[in-house]
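Student: To be precise about what I am sending: the file is called data.csv and holds CSV, C-alpha atoms.
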```
chain,number,residue,atom,x,y,z
J,1,MET,CA,101.6,84.1,121.0
J,2,PHE,CA,98.1,85.5,121.7
J,3,HIS,CA,97.3,87.8,124.6
J,4,SER,CA,93.9,88.9,125.6
J,5,ILE,CA,93.3,92.5,126.2
J,6,SER,CA,92.8,93.5,129.9
J,7,PRO,CA,89.5,94.8,131.2
J,8,PRO,CA,89.1,98.6,130.8
J,9,VAL,CA,90.5,100.7,133.5
J,10,GLN,CA,87.6,102.3,135.5
J,11,ASP,CA,89.6,104.9,137.4
J,12,SER,CA,90.8,107.2,134.6
J,13,THR,CA,91.0,111.0,134.7
J,14,PHE,CA,92.9,112.0,131.6
J,15,SER,CA,94.2,115.3,130.2
J,16,SER,CA,94.0,114.8,126.4
J,17,PRO,CA,96.2,116.8,123.9
J,18,LEU,CA,95.1,117.8,120.5
J,19,LEU,CA,94.0,115.0,118.2
J,20,CYS,CA,95.1,114.0,114.7
J,21,SER,CA,92.0,112.6,113.1
J,22,SER,CA,90.5,110.6,110.3
J,23,SER,CA,86.8,109.9,109.8
J,24,THR,CA,85.1,108.5,106.7
J,25,PRO,CA,81.8,106.9,105.8
J,26,SER,CA,81.5,103.2,106.4
J,27,SER,CA,80.7,100.7,103.7
J,28,SER,CA,81.6,97.3,102.4
J,29,GLY,CA,83.5,96.9,99.1
J,30,GLY,CA,84.7,94.1,96.9
J,31,SER,CA,87.5,91.8,97.9
J,32,SER,CA,91.0,92.3,96.7
J,33,SER,CA,94.4,90.8,97.1
J,34,ASP,CA,97.9,92.1,96.4
J,35,SER,CA,101.3,90.7,95.3
J,36,ASP,CA,103.1,92.6,98.0
J,37,GLU,CA,102.0,90.3,100.8
J,38,SER,CA,102.5,91.3,104.4
J,39,PRO,CA,103.4,88.7,107.0
J,40,GLU,CA,100.3,87.1,108.6
J,41,ILE,CA,100.6,88.6,112.1
J,42,SER,CA,97.9,88.1,114.6
J,43,PHE,CA,99.3,89.4,117.9
J,44,ARG,CA,97.3,91.2,120.4
J,45,TYR,CA,99.5,93.5,122.5
J,46,GLU,CA,99.0,94.2,126.1
J,47,GLU,CA,101.1,95.9,128.7
J,48,ARG,CA,100.1,97.2,132.1
J,49,GLN,CA,100.5,100.9,132.2
J,50,ASP,CA,100.8,103.5,134.9
J,51,LEU,CA,97.7,105.4,134.0
J,52,ASN,CA,98.5,108.1,136.5
J,53,LEU,CA,101.0,109.4,134.0
J,54,ILE,CA,98.1,110.8,132.0
J,55,LYS,CA,95.2,112.7,133.5
J,56,VAL,CA,91.9,113.4,131.8
J,57,SER,CA,89.7,116.1,133.3
J,58,ARG,CA,86.1,115.2,133.7
J,59,THR,CA,85.2,118.8,134.6
J,60,PRO,CA,82.4,120.2,132.5
J,61,ILE,CA,83.3,122.7,129.9
J,62,SER,CA,82.6,126.2,131.2
J,63,GLY,CA,80.7,128.9,129.2
J,64,SER,CA,84.0,130.7,128.3
J,65,GLN,CA,85.1,127.6,126.5
J,66,SER,CA,81.9,127.1,124.4
J,67,TYR,CA,81.8,127.6,120.7
J,68,LYS,CA,79.9,130.1,118.7
J,69,LEU,CA,78.3,129.3,115.4
J,70,LEU,CA,79.9,131.5,112.7
J,71,ALA,CA,78.1,130.4,109.6
J,72,VAL,CA,76.2,127.6,107.8
J,73,LEU,CA,77.8,126.9,104.5
J,74,SER,CA,75.5,125.6,101.8
J,75,GLY,CA,76.1,124.7,98.2
J,76,HIS,CA,76.4,120.9,98.1
J,77,VAL,CA,73.8,118.5,96.8
J,78,GLY,CA,73.5,115.6,99.1
J,79,SER,CA,75.5,114.8,102.2
J,80,VAL,CA,79.0,116.3,102.8
J,81,SER,CA,81.5,113.4,102.8
J,82,CYS,CA,84.8,115.1,103.9
J,83,LEU,CA,86.5,118.3,104.9
J,84,ALA,CA,90.1,119.5,104.8
J,85,LEU,CA,92.0,122.7,105.6
J,86,CYS,CA,94.4,124.1,102.9
J,87,GLY,CA,96.1,127.3,103.9
J,88,GLU,CA,93.4,130.0,103.9
J,89,PHE,CA,90.8,127.7,102.4
J,90,ILE,CA,88.3,125.2,103.7
J,91,LEU,CA,87.6,122.4,101.3
J,92,SER,CA,84.4,120.4,101.3
J,93,ALA,CA,83.2,117.5,99.1
J,94,SER,CA,80.0,115.6,98.8
J,95,GLN,CA,78.3,112.9,96.7
J,96,GLY,CA,79.0,114.8,93.5
J,97,ARG,CA,82.5,115.2,92.0
J,98,ASP,CA,82.8,118.9,92.8
J,99,ILE,CA,84.9,120.2,95.7
J,100,ILE,CA,83.8,123.6,97.1
J,101,VAL,CA,86.5,126.0,98.2
J,102,TRP,CA,85.5,128.4,101.1
J,103,GLN,CA,87.8,131.3,101.9
J,104,GLN,CA,88.6,132.3,105.4
J,105,PRO,CA,87.8,134.4,107.4
J,106,ASP,CA,84.6,135.5,105.8
J,107,LEU,CA,83.7,131.9,104.7
J,108,ARG,CA,82.5,132.9,101.3
J,109,GLN,CA,82.5,130.5,98.4
J,110,PHE,CA,85.8,131.1,96.5
J,111,THR,CA,85.6,128.5,93.7
J,112,LYS,CA,84.9,124.8,92.8
J,113,PHE,CA,87.1,122.1,91.3
J,114,GLY,CA,86.8,118.4,90.6
J,115,GLN,CA,87.0,115.6,88.1
J,116,GLY,CA,86.3,111.9,87.8
J,117,ASP,CA,83.3,109.6,88.3
J,118,GLY,CA,81.5,109.1,91.6
J,119,SER,CA,81.7,110.9,94.8
J,120,VAL,CA,84.8,112.3,96.6
J,121,LYS,CA,85.5,110.1,99.7
J,122,ALA,CA,88.5,111.8,101.3
J,123,LEU,CA,90.5,115.1,101.1
J,124,ILE,CA,94.0,115.9,102.4
J,125,SER,CA,96.5,118.7,101.7
J,126,ALA,CA,100.3,118.6,101.9
J,127,GLY,CA,102.4,121.6,101.0
J,128,ASN,CA,101.0,123.1,97.8
J,129,LYS,CA,99.2,119.9,96.8
J,130,VAL,CA,95.7,118.6,97.5
J,131,PHE,CA,94.9,114.9,97.3
J,132,THR,CA,91.4,113.7,96.6
J,133,ALA,CA,90.2,110.1,96.9
J,134,HIS,CA,87.3,109.0,94.8
J,135,GLN,CA,84.7,106.3,94.4
J,136,ASP,CA,86.2,105.5,91.0
J,137,SER,CA,89.3,104.0,92.9
J,138,ARG,CA,91.6,106.9,91.9
J,139,ILE,CA,93.6,109.5,93.8
J,140,ARG,CA,93.8,112.9,92.1
J,141,VAL,CA,96.6,115.4,92.8
J,142,TRP,CA,95.9,119.1,92.5
J,143,LYS,CA,98.5,121.9,92.6
J,144,VAL,CA,97.5,125.0,94.6
J,145,SER,CA,98.7,128.3,93.2
J,146,ARG,CA,97.3,131.8,93.9
J,147,SER,CA,99.3,133.2,91.0
J,148,SER,CA,97.3,131.1,88.5
J,149,GLU,CA,93.8,131.8,87.3
J,150,ASN,CA,93.1,128.1,87.9
J,151,VAL,CA,94.0,128.0,91.6
J,152,PHE,CA,93.4,124.3,91.9
J,153,ARG,CA,95.0,122.6,88.9
J,154,LEU,CA,94.9,118.8,88.3
J,155,VAL,CA,98.5,117.7,87.8
J,156,ASP,CA,98.4,113.9,88.2
J,157,THR,CA,96.3,110.8,89.0
J,158,LEU,CA,97.4,107.9,91.0
J,159,PRO,CA,98.5,105.4,90.0
J,160,THR,CA,100.5,107.5,87.6
J,161,ARG,CA,100.9,106.7,83.9
J,162,LYS,CA,104.6,106.1,84.5
J,163,ASP,CA,103.8,103.6,87.2
J,164,TYR,CA,101.4,101.8,84.8
J,165,LEU,CA,103.9,101.7,82.0
J,166,GLY,CA,106.6,100.3,84.3
J,167,LYS,CA,104.4,97.4,85.4
J,168,PHE,CA,101.7,96.4,82.9
J,169,MET,CA,103.9,94.1,80.8
J,170,LYS,CA,104.9,91.8,83.6
J,171,GLN,CA,102.3,89.2,84.6
J,172,SER,CA,103.7,88.9,88.2
J,173,ASN,CA,102.5,92.5,88.8
J,174,TYR,CA,98.8,91.4,88.4
J,175,VAL,CA,96.7,90.2,91.3
J,176,GLN,CA,93.3,88.5,91.4
J,177,THR,CA,90.7,90.9,92.7
J,178,ARG,CA,87.5,89.2,91.8
J,179,ARG,CA,86.6,86.0,90.0
J,180,GLN,CA,88.1,86.1,86.6
J,181,HIS,CA,89.3,89.6,87.1
J,182,LYS,CA,92.8,90.9,87.6
J,183,ARG,CA,94.4,94.3,88.3
J,184,LEU,CA,97.9,95.6,88.8
J,185,TRP,CA,98.8,95.6,92.4
J,186,ILE,CA,99.3,99.3,92.4
J,187,GLU,CA,95.6,99.8,91.7
J,188,HIS,CA,92.8,99.9,94.2
J,189,ALA,CA,89.9,97.6,93.3
J,190,ASP,CA,87.1,99.6,95.0
J,191,SER,CA,86.4,103.0,96.4
J,192,ILE,CA,89.2,104.8,98.2
J,193,SER,CA,87.7,105.8,101.6
J,194,CYS,CA,90.5,107.6,103.4
J,195,LEU,CA,94.0,109.2,103.1
J,196,ALA,CA,96.8,110.2,105.4
J,197,VAL,CA,100.2,111.9,104.8
J,198,SER,CA,103.3,111.5,106.9
J,199,ASN,CA,107.1,111.5,106.6
J,200,GLY,CA,107.0,112.0,102.8
J,201,LEU,CA,104.5,109.2,102.2
J,202,ILE,CA,100.8,109.1,101.2
J,203,TYR,CA,98.7,106.3,102.6
J,204,SER,CA,95.4,105.3,101.0
J,205,GLY,CA,92.8,102.9,102.5
J,206,SER,CA,90.1,101.3,100.4
J,207,TRP,CA,86.9,99.3,100.6
J,208,ASP,CA,89.0,96.6,98.8
J,209,LYS,CA,90.6,96.0,102.3
J,210,THR,CA,94.1,97.1,101.2
J,211,LEU,CA,96.4,99.9,102.4
J,212,LYS,CA,98.7,101.4,99.8
J,213,VAL,CA,101.8,103.5,100.3
J,214,TRP,CA,102.8,106.2,97.8
J,215,ARG,CA,106.0,108.3,97.7
J,216,LEU,CA,105.1,112.0,97.9
J,217,SER,CA,108.0,113.2,95.8
J,218,ASP,CA,107.1,111.3,92.6
J,219,PHE,CA,103.7,109.6,93.5
J,220,LYS,CA,105.1,106.1,92.9
J,221,CYS,CA,103.3,103.3,94.6
J,222,LEU,CA,105.8,101.6,97.0
J,223,GLU,CA,103.7,99.0,98.9
J,224,SER,CA,100.3,97.3,98.9
J,225,ILE,CA,99.3,95.7,102.1
J,226,LYS,CA,96.5,93.2,102.7
J,227,ALA,CA,95.5,95.1,105.8
J,228,HIS,CA,92.0,94.0,106.9
J,229,ASP,CA,89.3,91.4,106.5
J,230,ASP,CA,86.7,94.0,105.5
J,231,ALA,CA,86.6,97.6,104.2
J,232,ILE,CA,89.0,100.2,105.6
J,233,ASN,CA,87.1,103.2,106.8
J,234,GLY,CA,89.7,105.5,108.4
J,235,LEU,CA,93.4,106.3,108.5
J,236,VAL,CA,95.6,108.5,110.7
J,237,ALA,CA,99.4,108.8,111.0
J,238,SER,CA,101.2,109.9,114.1
J,239,ASN,CA,104.8,109.5,115.4
J,240,GLY,CA,105.8,107.1,112.7
J,241,ILE,CA,102.8,104.8,113.2
J,242,VAL,CA,99.8,104.6,110.8
J,243,TYR,CA,96.5,103.4,112.2
J,244,SER,CA,93.8,101.9,110.0
J,245,SER,CA,90.2,101.3,111.2
J,246,SER,CA,88.0,98.8,109.5
J,247,ALA,CA,84.6,97.3,109.2
J,248,ASP,CA,86.2,94.1,110.5
J,249,GLY,CA,86.1,95.7,114.0
J,250,LYS,CA,89.8,96.2,114.3
J,251,ILE,CA,92.3,99.1,114.4
J,252,LYS,CA,95.7,98.0,113.1
J,253,ALA,CA,99.0,99.8,113.7
J,254,TRP,CA,101.6,99.8,111.0
J,255,GLY,CA,105.2,101.0,111.2
J,256,LYS,CA,108.6,100.8,109.6
J,257,ASN,CA,111.7,99.4,111.3
J,258,GLY,CA,114.1,101.5,109.2
J,259,LYS,CA,114.1,104.3,106.7
J,260,ASN,CA,114.1,102.0,103.7
J,261,SER,CA,112.2,99.1,105.2
J,262,MET,CA,108.6,98.0,104.3
J,263,HIS,CA,105.7,98.6,106.7
J,264,SER,CA,104.8,95.8,109.0
J,265,LEU,CA,102.1,95.1,111.5
J,266,LYS,CA,102.9,96.5,115.0
J,267,GLY,CA,99.7,95.7,116.8
J,268,ILE,CA,96.0,95.0,116.6
J,269,LEU,CA,93.6,97.0,118.7
J,270,GLU,CA,90.3,95.4,119.5
J,271,GLY,CA,87.4,96.4,121.7
J,272,HIS,CA,83.7,95.7,121.1
J,273,LYS,CA,82.7,92.6,119.1
J,274,ASP,CA,80.7,92.4,115.9
J,275,ILE,CA,81.0,96.1,115.1
J,276,SER,CA,82.5,98.2,112.4
J,277,LEU,CA,85.1,100.8,113.4
J,278,ASN,CA,84.3,103.8,111.2
J,279,SER,CA,87.0,106.3,112.3
J,280,VAL,CA,90.2,106.6,114.2
J,281,VAL,CA,92.0,109.5,116.0
J,282,VAL,CA,95.3,109.7,117.9
J,283,THR,CA,96.8,112.3,120.2
J,284,ASP,CA,99.8,114.2,119.1
J,285,ASP,CA,102.1,112.2,121.4
J,286,GLY,CA,100.7,109.0,120.1
J,287,ARG,CA,99.8,107.6,123.5
J,288,LEU,CA,96.0,107.6,123.2
J,289,VAL,CA,94.1,106.0,120.3
J,290,TYR,CA,90.3,106.2,119.9
J,291,GLY,CA,88.0,104.4,117.5
J,292,GLY,CA,84.4,105.3,116.7
J,293,GLY,CA,82.2,102.2,116.4
J,294,SER,CA,79.0,101.4,114.5
J,295,ASP,CA,77.4,100.6,117.9
J,296,GLY,CA,77.5,104.3,118.9
J,297,PHE,CA,80.5,103.9,121.3
J,298,VAL,CA,84.0,105.4,121.3
J,299,VAL,CA,86.7,102.9,122.3
J,300,GLY,CA,90.1,104.0,123.6
J,301,TRP,CA,93.5,102.4,123.9
J,302,LEU,CA,96.6,103.5,125.8
J,303,ALA,CA,100.1,102.9,124.3
J,304,ASN,CA,103.3,102.4,126.1
J,305,LYS,CA,106.2,104.9,125.8
J,306,ASP,CA,107.7,103.0,122.8
J,307,LEU,CA,104.4,103.0,121.0
J,308,ASN,CA,104.6,99.2,120.3
J,309,SER,CA,102.0,98.0,122.8
J,310,TRP,CA,98.4,99.1,123.4
J,311,ARG,CA,96.0,98.5,126.3
J,312,LEU,CA,92.2,98.9,126.2
J,313,PHE,CA,91.3,101.6,128.8
J,314,VAL,CA,87.8,102.8,127.9
J,315,ARG,CA,84.9,101.3,126.2
```
Can the structure from this file be put into structure tokens for me?
Tutor:
Amino acid sequence: MFHSISPPVQDSTFSSPLLCSSSTPSSSGGSSSDSDESPEISFRYEERQDLNLIKVSRTPISGSQSYKLLAVLSGHVGSVSCLALCGEFILSASQGRDIIVWQQPDLRQFTKFGQGDGSVKALISAGNKVFTAHQDSRIRVWKVSRSSENVFRLVDTLPTRKDYLGKFMKQSNYVQTRRQHKRLWIEHADSISCLAVSNGLIYSGSWDKTLKVWRLSDFKCLESIKAHDDAINGLVASNGIVYSSSADGKIKAWGKNGKNSMHSLKGILEGHKDISLNSVVVTDDGRLVYGGGSDGFVVGWLANKDLNSWRLFVR
């Protein structure tokens, strides 16, 4: 059953909590398909909300709330593609393979690390691990240890060798990615553009249009989802829901119905037509979702209390 999204609410004054965010460069990649097929679900969710429950202040920011420039950090060649915080460090990556580590609070360059072909597209840290997503379709795992001379040490690459060995002999584990070309379903077929970590899982989105789910404890690939009709540009996880933004102009919400269940589509968030959604952010309580579009606009949706229905409220 299809439902059209209601017109945006004009009378909205909202008080917005802190945001969990994801933002990556937009681009189109090669097509890919996976053997772990998700159900073809095309529901658009809508529920009328009491918008008075959330207030957003339109009061201009006072001088006491303004930000002061601390430093300009230089060292990259080409544009900076992504940033991440890792304990006392700020990590930055660019078109080259090297990731620069800046130490807080003096913001001096501490070290560099990196490996692989092509630029680093996404960075994320979890515990004492840093995950880097690359143009060569790999995710690299780095262990952080101040007790070692090599503070950022490469410990694995996803998919892992163990994952490969467990699947490469079985033909049913291969999927068609391009004409006359097959890959294992655990492999991305194009640049990995974004990463998210939540509830012991790593999520990776790619220009190959797929969303893959990896177990944090042993880095095993658990799921591969045909998520979008075009490149995935952004990922963010909040309150058990993972949101993916895509060049197909949609943000999709994915969730699990039980601890051991597979991810399924919970909703499709649509706003402007004929645009690419390049980034997605969500408030800590999961009620507000925002997408950044290629047309220069930010579009917002309001979720119900159960986080299973979204309504367009600003565009």
Student: Considering all atoms listed in the file, return as a ChimeraX atom specification whatever protein or nucleic-acid residues lie within 8 Å of Gln135 of chain J, sequence-local ones (same chain, fewer than 2 positions apart) excluded.
Tutor: /J:117-121,133,137-138,190-193
Student: Kindly indicate which residue among J:Leu195, J:Ile251, J:Val141, J:Val314 lies nearest to Leu265 of chain J, using only C-alpha atoms for the distances.
Tutor: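 Ranked by minimum distance to Leu265 of chain J, first place goes to J:Ile251.
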Student: Which residue gives the smallest distance to Leu307 of chain J among J:Ser217, J:Ser145, J:Ser238, J:Ser244, with all atoms listed in the file counted?
Tutor: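 Of the candidates, the smallest distance to Leu307 of chain J is held by J:Ser238.
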Student: Check the smallest atom-to-atom distance from each of J:Glu223, J:Asp106, J:Asp306, J:Glu149 to His263 of chain J using all atoms listed in the file, then report the winner.
Tutor: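 Comparing J:Glu223, J:Asp106, J:Asp306, J:Glu149 against His263 of chain J, the winner is J:Glu223.
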Student: Go through J:Gly200, J:Pro105, J:Gly205, J:Gly271 one by one, measure the shortest atom-to-atom distance of each to Val289 of chain J using all atoms listed in the file, and give the residue with the smallest value.
Tutor: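 Selected residue with least distance to Val289 of chain J: J:Gly271.
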Student: Just the number, please: distance in Å from atom CA of Ser92 of chain J to atom CA of Thr132 of chain J, one decimal.
Tutor: 10.8 Å
Student: Can you list, as a VMD selection string, every protein, DNA or RNA residue that comes within 8 Å of Lys250 of chain J when you count only C-alpha atoms, leaving out same-chain residues fewer than 5 positions away?
Tutor: chain J and resid 245 268 to 271 276 to 277
Student: Mind pulling up the distance from atom CA of His134 of chain J to atom CA of Asp274 of chain J?
Tutor: 27.6 Å
Student: How many Å separate atom CA of Leu222 of chain J from atom CA of Leu154 of chain J?
Tutor: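 Rounded to one decimal, the two atoms are 22.1 Å apart.
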Student: So that I can see what lies close to Asn173 of chain J, please list as a PyMOL selection string the residues with an atom at most 12 Å from it, counting all atoms listed in the file and leaving out residues fewer than 3 positions away in the same chain.
Tutor: chain J and resi 33-36+163-170+176+182-187+224
Student: Of the candidates J:Tyr243, J:Phe297, J:Phe131, J:Trp214, which shows the shortest atom-to-atom distance to Gly255 of chain J, using all atoms listed in the file?
Tutor: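 Checking each of J:Tyr243, J:Phe297, J:Phe131, J:Trp214 against Gly255 of chain J, counting all atoms listed in the file, the winner is J:Tyr243.
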Student: When you look at Lys259 of chain J with a cut-off of 12 Å (counting only C-alpha atoms), what residues show up, excluding the ones that are within fewer than 6 positions of it in the same chain? I need them as a PyMOL selection string.
Tutor: chain J and resi 199-201+240
Student: Would you output that residue set with C-alpha atoms, as a CSV table (one decimal), keeping the file's coordinate frame?
Tutor:
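What follows is the written file part08.csv:
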```
chain,number,residue,atom,x,y,z
J,199,ASN,CA,107.1,111.5,106.6
J,200,GLY,CA,107.0,112.0,102.8
J,201,LEU,CA,104.5,109.2,102.2
J,240,GLY,CA,105.8,107.1,112.7
```
Student: List the residues sitting within 12 Å of (96.5, 123.1, 91.4) in the file's frame, using all atoms listed in the file, as a tab-separated table (two decimals) with C-alpha atoms, in the frame of the given file.
Tutor:
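The resulting file, part-v9.tsv, is reproduced below:
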```tsv
chain	number	residue	atom	x	y	z
J	86	CYS	CA	94.40	124.10	102.90
J	112	LYS	CA	84.90	124.80	92.80
J	113	PHE	CA	87.10	122.10	91.30
J	114	GLY	CA	86.80	118.40	90.60
J	125	SER	CA	96.50	118.70	101.70
J	127	GLY	CA	102.40	121.60	101.00
J	128	ASN	CA	101.00	123.10	97.80
J	129	LYS	CA	99.20	119.90	96.80
J	130	VAL	CA	95.70	118.60	97.50
J	131	PHE	CA	94.90	114.90	97.30
J	132	THR	CA	91.40	113.70	96.60
J	140	ARG	CA	93.80	112.90	92.10
J	141	VAL	CA	96.60	115.40	92.80
J	142	TRP	CA	95.90	119.10	92.50
J	143	LYS	CA	98.50	121.90	92.60
J	144	VAL	CA	97.50	125.00	94.60
J	145	SER	CA	98.70	128.30	93.20
J	146	ARG	CA	97.30	131.80	93.90
J	147	SER	CA	99.30	133.20	91.00
J	148	SER	CA	97.30	131.10	88.50
J	149	GLU	CA	93.80	131.80	87.30
J	150	ASN	CA	93.10	128.10	87.90
J	151	VAL	CA	94.00	128.00	91.60
J	152	PHE	CA	93.40	124.30	91.90
J	153	ARG	CA	95.00	122.60	88.90
J	154	LEU	CA	94.90	118.80	88.30
J	155	VAL	CA	98.50	117.70	87.80
J	156	ASP	CA	98.40	113.90	88.20
```
Student: Please produce segment 207-221 of chain J, completed to N, CA and C atoms, as a PDB file, in the coordinates of the input.
Tutor:
```
ATOM      1  N   TRP J 207      87.892 100.307 100.356  1.00  0.00           N
ATOM      2  CA  TRP J 207      86.900  99.300 100.600  1.00  0.00           C
ATOM      3  C   TRP J 207      87.379  97.916 100.087  1.00  0.00           C
ATOM      4  N   ASP J 208      88.470  97.896  99.298  1.00  0.00           N
ATOM      5  CA  ASP J 208      89.000  96.600  98.800  1.00  0.00           C
ATOM      6  C   ASP J 208      89.879  95.937  99.878  1.00  0.00           C
ATOM      7  N   LYS J 209      89.942  96.524 101.101  1.00  0.00           N
ATOM      8  CA  LYS J 209      90.600  96.000 102.300  1.00  0.00           C
ATOM      9  C   LYS J 209      92.123  96.173 102.271  1.00  0.00           C
ATOM     10  N   THR J 210      92.637  96.925 101.300  1.00  0.00           N
ATOM     11  CA  THR J 210      94.100  97.100 101.200  1.00  0.00           C
ATOM     12  C   THR J 210      94.487  98.522 101.637  1.00  0.00           C
ATOM     13  N   LEU J 211      95.717  98.607 102.103  1.00  0.00           N
ATOM     14  CA  LEU J 211      96.400  99.900 102.400  1.00  0.00           C
ATOM     15  C   LEU J 211      97.546 100.027 101.468  1.00  0.00           C
ATOM     16  N   LYS J 212      97.578 101.136 100.742  1.00  0.00           N
ATOM     17  CA  LYS J 212      98.700 101.400  99.800  1.00  0.00           C
ATOM     18  C   LYS J 212      99.502 102.551 100.240  1.00  0.00           C
ATOM     19  N   VAL J 213     100.805 102.469  99.919  1.00  0.00           N
ATOM     20  CA  VAL J 213     101.800 103.500 100.300  1.00  0.00           C
ATOM     21  C   VAL J 213     102.381 104.099  99.063  1.00  0.00           C
ATOM     22  N   TRP J 214     102.336 105.443  98.992  1.00  0.00           N
ATOM     23  CA  TRP J 214     102.800 106.200  97.800  1.00  0.00           C
ATOM     24  C   TRP J 214     103.896 107.153  98.246  1.00  0.00           C
ATOM     25  N   ARG J 215     104.901 107.343  97.397  1.00  0.00           N
ATOM     26  CA  ARG J 215     106.000 108.300  97.700  1.00  0.00           C
ATOM     27  C   ARG J 215     105.498 109.702  97.268  1.00  0.00           C
ATOM     28  N   LEU J 216     105.600 110.652  98.178  1.00  0.00           N
ATOM     29  CA  LEU J 216     105.100 112.000  97.900  1.00  0.00           C
ATOM     30  C   LEU J 216     105.868 112.726  96.841  1.00  0.00           C
ATOM     31  N   SER J 217     107.157 112.439  96.711  1.00  0.00           N
ATOM     32  CA  SER J 217     108.000 113.200  95.800  1.00  0.00           C
ATOM     33  C   SER J 217     107.677 112.908  94.309  1.00  0.00           C
ATOM     34  N   ASP J 218     107.357 111.648  93.970  1.00  0.00           N
ATOM     35  CA  ASP J 218     107.100 111.300  92.600  1.00  0.00           C
ATOM     36  C   ASP J 218     105.787 110.496  92.391  1.00  0.00           C
ATOM     37  N   PHE J 219     105.032 110.279  93.485  1.00  0.00           N
ATOM     38  CA  PHE J 219     103.700 109.600  93.500  1.00  0.00           C
ATOM     39  C   PHE J 219     103.806 108.137  93.084  1.00  0.00           C
ATOM     40  N   LYS J 220     104.975 107.538  93.218  1.00  0.00           N
ATOM     41  CA  LYS J 220     105.100 106.100  92.900  1.00  0.00           C
ATOM     42  C   LYS J 220     104.533 105.271  94.035  1.00  0.00           C
ATOM     43  N   CYS J 221     103.825 104.201  93.640  1.00  0.00           N
ATOM     44  CA  CYS J 221     103.300 103.300  94.600  1.00  0.00           C
ATOM     45  C   CYS J 221     104.401 102.337  95.103  1.00  0.00           C
TER      46      CYS J 221
END
```
